[in-house]
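Q: Have a look at the structure that comes next, please.
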Amino acid sequence: MSLSKGDKIQLQRETEVISVPFGKTITLPEGETVEVMQAKGSTVSVGHQGRLYMVEGTNLDALGLAAVQKPVLPKGASNQEIEDFAWEQLRTCFDPEIPVNIVDLGLVYGLKVVDLLDGRKMLNIRMTLTAPGCGMGEVIAADARRKIQGAEDIDQVNTEIVFDPPWSREMMTEDAQLELGMF
């Protein structure tokens, strides 16, 4: 089964969803009807009673799809392997309203693994938003943190949202521009 924008689906079980743009987790009861707004990456954006929510991959079975297991990078990975894993996970993060991942959209300026003095590892991500007033920033950053925490060696993920340089459509990949009809 695949989902398309506008599909109406009854939840097959009680389901945790993340409210957009607030980032708060709530539970929708079994049998509630939701409308698919976007189905990209490992999350599905749905509308319910005039509000927008994200259903994470681990809860996709509530929509009649196969649940997506949280990707894991086992302990002992090199810093390069951790960075590669992080980039891969960031490519599964989508603004709930835009059908392009945040890497191809040009929102991620960089990331770096930092070895702390006490032996722990921290991942720092520098990213931006399409506009300074975008209300999706914390939801996108939290989605990125959740997905990257599958790297068992990472003890902390920091997301720094910056506006210098300001985002512009030239930062998007050609594929992203094609997807959005900008070519």
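Labeling convention for the structure tokens: chains A, B, ... as they appear, residues from 1 per chain, ligands from 1 in order of appearance.
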If DSSP is run on the backbone, what residues of chain A are helix (DSSP H, G or I)? A reply as a PyMOL selection string would be ideal.
A: chain A and resi 57-63+79-90+137-148+169-171+174-179
Q: Could you write out the selected residues, including N, CA, C and O atoms, as a compact mmCIF listing (two decimals), in the first residue's frame?
A:
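The resulting file, selection-v3.txt, is reproduced below:
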# COMPACT_ATOMS: atom_id res chain seq x y z
N GLY A 57 8.13 6.82 11.35
CA GLY A 57 8.23 5.53 10.68
C GLY A 57 7.90 4.34 11.55
O GLY A 57 7.32 3.36 11.08
N THR A 58 8.24 4.40 12.84
CA THR A 58 7.97 3.27 13.73
C THR A 58 6.48 3.09 13.99
O THR A 58 6.07 2.05 14.49
N ASN A 59 5.67 4.09 13.62
CA ASN A 59 4.22 4.02 13.82
C ASN A 59 3.43 3.91 12.52
O ASN A 59 2.19 4.03 12.53
N LEU A 60 4.11 3.68 11.41
CA LEU A 60 3.40 3.63 10.13
C LEU A 60 2.42 2.47 10.02
O LEU A 60 1.49 2.52 9.21
N ASP A 61 2.58 1.44 10.86
CA ASP A 61 1.63 0.33 10.83
C ASP A 61 0.22 0.80 11.21
O ASP A 61 -0.76 0.21 10.78
N ALA A 62 0.12 1.89 11.95
CA ALA A 62 -1.20 2.43 12.30
C ALA A 62 -1.92 2.98 11.08
O ALA A 62 -3.14 3.11 11.08
N LEU A 63 -1.15 3.26 10.01
CA LEU A 63 -1.73 3.75 8.76
C LEU A 63 -1.88 2.63 7.72
O LEU A 63 -2.23 2.88 6.58
N ASN A 79 34.55 8.14 13.34
CA ASN A 79 33.89 9.43 13.18
C ASN A 79 33.36 9.61 11.76
O ASN A 79 32.27 10.15 11.56
N GLN A 80 34.10 9.12 10.76
CA GLN A 80 33.64 9.22 9.38
C GLN A 80 32.37 8.38 9.16
O GLN A 80 31.44 8.83 8.50
N GLU A 81 32.33 7.19 9.73
CA GLU A 81 31.13 6.35 9.63
C GLU A 81 29.94 7.02 10.31
O GLU A 81 28.81 6.96 9.81
N ILE A 82 30.19 7.68 11.43
CA ILE A 82 29.12 8.39 12.13
C ILE A 82 28.61 9.55 11.28
O ILE A 82 27.40 9.74 11.13
N GLU A 83 29.53 10.30 10.67
CA GLU A 83 29.12 11.41 9.80
C GLU A 83 28.33 10.90 8.61
O GLU A 83 27.30 11.48 8.25
N ASP A 84 28.79 9.82 7.99
CA ASP A 84 28.06 9.25 6.84
C ASP A 84 26.66 8.81 7.26
O ASP A 84 25.69 9.05 6.54
N PHE A 85 26.55 8.17 8.41
CA PHE A 85 25.25 7.74 8.95
C PHE A 85 24.35 8.95 9.18
O PHE A 85 23.17 8.94 8.82
N ALA A 86 24.92 10.02 9.75
CA ALA A 86 24.14 11.22 10.03
C ALA A 86 23.60 11.84 8.74
O ALA A 86 22.43 12.21 8.66
N TRP A 87 24.46 11.94 7.71
CA TRP A 87 23.99 12.50 6.44
C TRP A 87 22.87 11.63 5.85
O TRP A 87 21.88 12.15 5.33
N GLU A 88 23.04 10.31 5.94
CA GLU A 88 22.01 9.39 5.44
C GLU A 88 20.68 9.61 6.17
O GLU A 88 19.62 9.64 5.54
N GLN A 89 20.74 9.77 7.48
CA GLN A 89 19.53 9.98 8.25
C GLN A 89 18.90 11.34 7.95
O GLN A 89 17.67 11.47 7.89
N LEU A 90 19.72 12.36 7.76
CA LEU A 90 19.19 13.69 7.44
C LEU A 90 18.45 13.69 6.10
O LEU A 90 17.53 14.46 5.90
N GLY A 137 11.01 24.87 12.20
CA GLY A 137 12.40 24.67 12.59
C GLY A 137 12.61 23.65 13.69
O GLY A 137 13.41 22.73 13.55
N GLU A 138 11.91 23.79 14.79
CA GLU A 138 12.13 22.89 15.92
C GLU A 138 11.64 21.48 15.59
O GLU A 138 12.24 20.50 16.02
N VAL A 139 10.56 21.35 14.82
CA VAL A 139 10.07 20.03 14.44
C VAL A 139 11.09 19.32 13.56
O VAL A 139 11.40 18.14 13.76
N ILE A 140 11.67 20.03 12.60
CA ILE A 140 12.66 19.44 11.70
C ILE A 140 13.92 19.08 12.50
O ILE A 140 14.48 17.99 12.34
N ALA A 141 14.38 19.98 13.35
CA ALA A 141 15.59 19.73 14.15
C ALA A 141 15.38 18.53 15.08
O ALA A 141 16.27 17.68 15.23
N ALA A 142 14.21 18.44 15.69
CA ALA A 142 13.92 17.31 16.59
C ALA A 142 13.86 16.00 15.81
O ALA A 142 14.35 14.97 16.29
N ASP A 143 13.30 16.02 14.61
CA ASP A 143 13.25 14.82 13.78
C ASP A 143 14.68 14.37 13.45
O ASP A 143 15.01 13.19 13.55
N ALA A 144 15.53 15.32 13.10
CA ALA A 144 16.93 15.00 12.80
C ALA A 144 17.62 14.39 14.01
O ALA A 144 18.30 13.36 13.90
N ARG A 145 17.42 14.98 15.18
CA ARG A 145 18.07 14.46 16.40
C ARG A 145 17.60 13.03 16.69
O ARG A 145 18.41 12.15 17.00
N ARG A 146 16.30 12.77 16.58
CA ARG A 146 15.76 11.43 16.86
C ARG A 146 16.37 10.39 15.93
O ARG A 146 16.73 9.30 16.35
N LYS A 147 16.49 10.72 14.67
CA LYS A 147 16.99 9.75 13.70
C LYS A 147 18.48 9.50 13.86
O LYS A 147 18.95 8.38 13.71
N ILE A 148 19.24 10.52 14.18
CA ILE A 148 20.68 10.38 14.32
C ILE A 148 21.06 9.65 15.60
O ILE A 148 22.10 9.02 15.69
N ARG A 169 17.12 29.55 -3.01
CA ARG A 169 16.81 28.37 -3.83
C ARG A 169 18.03 27.82 -4.56
O ARG A 169 18.06 26.67 -4.95
N GLU A 170 19.07 28.64 -4.72
CA GLU A 170 20.29 28.16 -5.36
C GLU A 170 21.00 27.10 -4.51
O GLU A 170 21.86 26.38 -5.00
N MET A 171 20.66 27.00 -3.23
CA MET A 171 21.26 26.00 -2.34
C MET A 171 20.65 24.62 -2.54
O MET A 171 21.19 23.63 -2.06
N GLU A 174 19.71 20.06 -7.93
CA GLU A 174 18.89 20.07 -9.16
C GLU A 174 17.66 19.19 -9.01
O GLU A 174 16.58 19.54 -9.47
N ASP A 175 17.84 18.01 -8.37
CA ASP A 175 16.71 17.11 -8.16
C ASP A 175 15.61 17.78 -7.33
O ASP A 175 14.43 17.61 -7.61
N ALA A 176 16.01 18.52 -6.30
CA ALA A 176 15.03 19.21 -5.46
C ALA A 176 14.29 20.27 -6.26
O ALA A 176 13.07 20.41 -6.16
N GLN A 177 15.03 21.00 -7.08
CA GLN A 177 14.39 22.03 -7.89
C GLN A 177 13.41 21.41 -8.89
O GLN A 177 12.32 21.95 -9.12
N LEU A 178 13.79 20.26 -9.47
CA LEU A 178 12.87 19.56 -10.36
C LEU A 178 11.62 19.11 -9.64
O LEU A 178 10.50 19.27 -10.13
N GLU A 179 11.79 18.53 -8.45
CA GLU A 179 10.65 18.04 -7.65
C GLU A 179 9.66 19.17 -7.35
O GLU A 179 8.46 18.98 -7.35
Q: When you look at A:Gln156 with a cut-off of 12 Å (counting only C-alpha atoms), what residues show up, excluding the ones that are within fewer than 3 positions of it in the same chain? I need them as a PyMOL selection string.
A: chain A and resi 112-116+120-125+145-146+148-153+159
Q: Store the residues of this selection in a file with C-alpha atoms, as an mmCIF file, in the first residue's frame.
A:
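Done, and the output landed in again-v7.cif:
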data_model
loop_
_atom_site.group_PDB
_atom_site.id
_atom_site.type_symbol
_atom_site.label_atom_id
_atom_site.label_comp_id
_atom_site.auth_asym_id
_atom_site.auth_seq_id
_atom_site.Cartn_x
_atom_site.Cartn_y
_atom_site.Cartn_z
ATOM 1 C CA LYS A 112 30.789 17.413 12.666
ATOM 2 C CA VAL A 113 31.526 14.731 15.230
ATOM 3 C CA VAL A 114 33.242 16.168 18.301
ATOM 4 C CA ASP A 115 35.273 13.925 20.615
ATOM 5 C CA LEU A 116 34.703 15.178 24.168
ATOM 6 C CA ARG A 120 31.855 10.726 24.780
ATOM 7 C CA LYS A 121 30.974 11.888 21.278
ATOM 8 C CA MET A 122 28.724 14.743 20.280
ATOM 9 C CA LEU A 123 27.381 15.576 16.825
ATOM 10 C CA ASN A 124 26.935 19.228 15.920
ATOM 11 C CA ILE A 125 24.647 20.115 13.002
ATOM 12 C CA ARG A 145 18.068 14.457 16.405
ATOM 13 C CA ARG A 146 15.758 11.431 16.858
ATOM 14 C CA ILE A 148 20.684 10.376 14.316
ATOM 15 C CA GLN A 149 20.517 9.020 17.850
ATOM 16 C CA GLY A 150 20.501 5.570 16.250
ATOM 17 C CA ALA A 151 24.293 5.981 16.165
ATOM 18 C CA GLU A 152 25.103 4.255 19.448
ATOM 19 C CA ASP A 153 28.403 6.140 19.913
ATOM 20 C CA THR A 159 21.259 21.350 16.140
#
Q: Could you pull the residues within 6 Å of stretch 26-42 of chain A, counting only C-alpha atoms, minus those fewer than 5 positions along the same chain, as a list in words?
A: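 Here the qualifying residues turn out to be Lys5, Gly6, Asp7, Lys8, Ile9, Gln10, Leu11, Gln12, Arg13, Glu14, Thr15, Glu16, Val17, Gly47, His48, Gly57 and Thr92 of chain A.
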Q: Find the residues around A:Asp104 up to 6 Å (only C-alpha atoms counted), leave out those fewer than 2 positions away in its own chain, and share them as JSON, numbers by chain.
A: {"A": [101, 102, 106, 172, 173, 176]}
Q: Could you take the residues named above and write them with N, CA and C atoms, as a PDB file, in the first residue's frame?
A:
ATOM      1  N   ASN A 101      13.748  16.378   0.896  1.00  0.00           N
ATOM      2  CA  ASN A 101      14.470  16.214   2.161  1.00  0.00           C
ATOM      3  C   ASN A 101      15.323  17.445   2.451  1.00  0.00           C
ATOM      4  N   ILE A 102      15.669  17.613   3.731  1.00  0.00           N
ATOM      5  CA  ILE A 102      16.341  18.843   4.159  1.00  0.00           C
ATOM      6  C   ILE A 102      17.762  18.975   3.617  1.00  0.00           C
ATOM      7  N   GLY A 106      18.880  22.023   0.808  1.00  0.00           N
ATOM      8  CA  GLY A 106      19.981  22.942   1.099  1.00  0.00           C
ATOM      9  C   GLY A 106      19.918  23.543   2.492  1.00  0.00           C
ATOM     10  N   MET A 172      19.539  24.558  -3.264  1.00  0.00           N
ATOM     11  CA  MET A 172      18.863  23.289  -3.509  1.00  0.00           C
ATOM     12  C   MET A 172      19.601  22.500  -4.589  1.00  0.00           C
ATOM     13  N   THR A 173      19.536  21.163  -4.492  1.00  0.00           N
ATOM     14  CA  THR A 173      20.081  20.333  -5.552  1.00  0.00           C
ATOM     15  C   THR A 173      19.177  20.455  -6.782  1.00  0.00           C
ATOM     16  N   ALA A 176      16.007  18.517  -6.300  1.00  0.00           N
ATOM     17  CA  ALA A 176      15.027  19.207  -5.460  1.00  0.00           C
ATOM     18  C   ALA A 176      14.290  20.270  -6.260  1.00  0.00           C
TER      19      ALA A 176
END
Q: Considering only C-alpha atoms, can you say which of A:Arg126, A:Thr43, A:Leu52, A:Ser2 comes closest to A:Lys70?
A: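 Of the candidates, the smallest distance to A:Lys70 is held by A:Thr43.
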Q: Identify which of the residues A:Phe183, A:Phe163, A:Tyr109, A:Tyr53 lies closest to A:Ile18, counting only C-alpha atoms when measuring atom-to-atom distances.
A: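 Closest residue, counting only C-alpha atoms: A:Tyr53.
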Q: I need the strand (DSSP E or B) residues of stretch 33-139 of chain A per DSSP on the backbone, written as a ChimeraX atom specification.
A: /A:33-40,43-48,51-56,73,94,101,108-115,121-127
Q: Using atom CA of A:Trp167 and atom CA of A:Cys134 as the two end points, give the distance in Å to one decimal.
A: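 The value is 11.9 Å.
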Q: Neighbouring residues of A:Thr128 were defined as those with any atom within 6 Å, considering only C-alpha atoms; residues of the same chain fewer than 2 positions away were excluded. Please report them as an MDAnalysis selection string.
A: chainID A and resid 107 161:163
Q: The selected residues should be written to file as an mmCIF file, in the first residue's frame (atoms: N, CA, C and O atoms).
A:
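Output file selection-v7.cif follows:
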data_model
loop_
_atom_site.group_PDB
_atom_site.id
_atom_site.type_symbol
_atom_site.label_atom_id
_atom_site.label_comp_id
_atom_site.auth_asym_id
_atom_site.auth_seq_id
_atom_site.Cartn_x
_atom_site.Cartn_y
_atom_site.Cartn_z
ATOM 1 N N LEU A 107 19.163 22.910 3.382
ATOM 2 C CA LEU A 107 19.001 23.457 4.726
ATOM 3 C C LEU A 107 20.125 23.057 5.678
ATOM 4 O O LEU A 107 20.296 23.690 6.717
ATOM 5 N N ILE A 161 20.460 26.310 14.583
ATOM 6 C CA ILE A 161 19.762 26.917 13.454
ATOM 7 C C ILE A 161 20.344 28.319 13.259
ATOM 8 O O ILE A 161 20.334 29.134 14.178
ATOM 9 N N VAL A 162 20.886 28.541 12.061
ATOM 10 C CA VAL A 162 21.548 29.805 11.737
ATOM 11 C C VAL A 162 20.875 30.428 10.508
ATOM 12 O O VAL A 162 20.205 29.738 9.743
ATOM 13 N N PHE A 163 21.085 31.718 10.333
ATOM 14 C CA PHE A 163 20.498 32.411 9.184
ATOM 15 C C PHE A 163 21.551 33.160 8.377
ATOM 16 O O PHE A 163 21.233 34.028 7.575
#
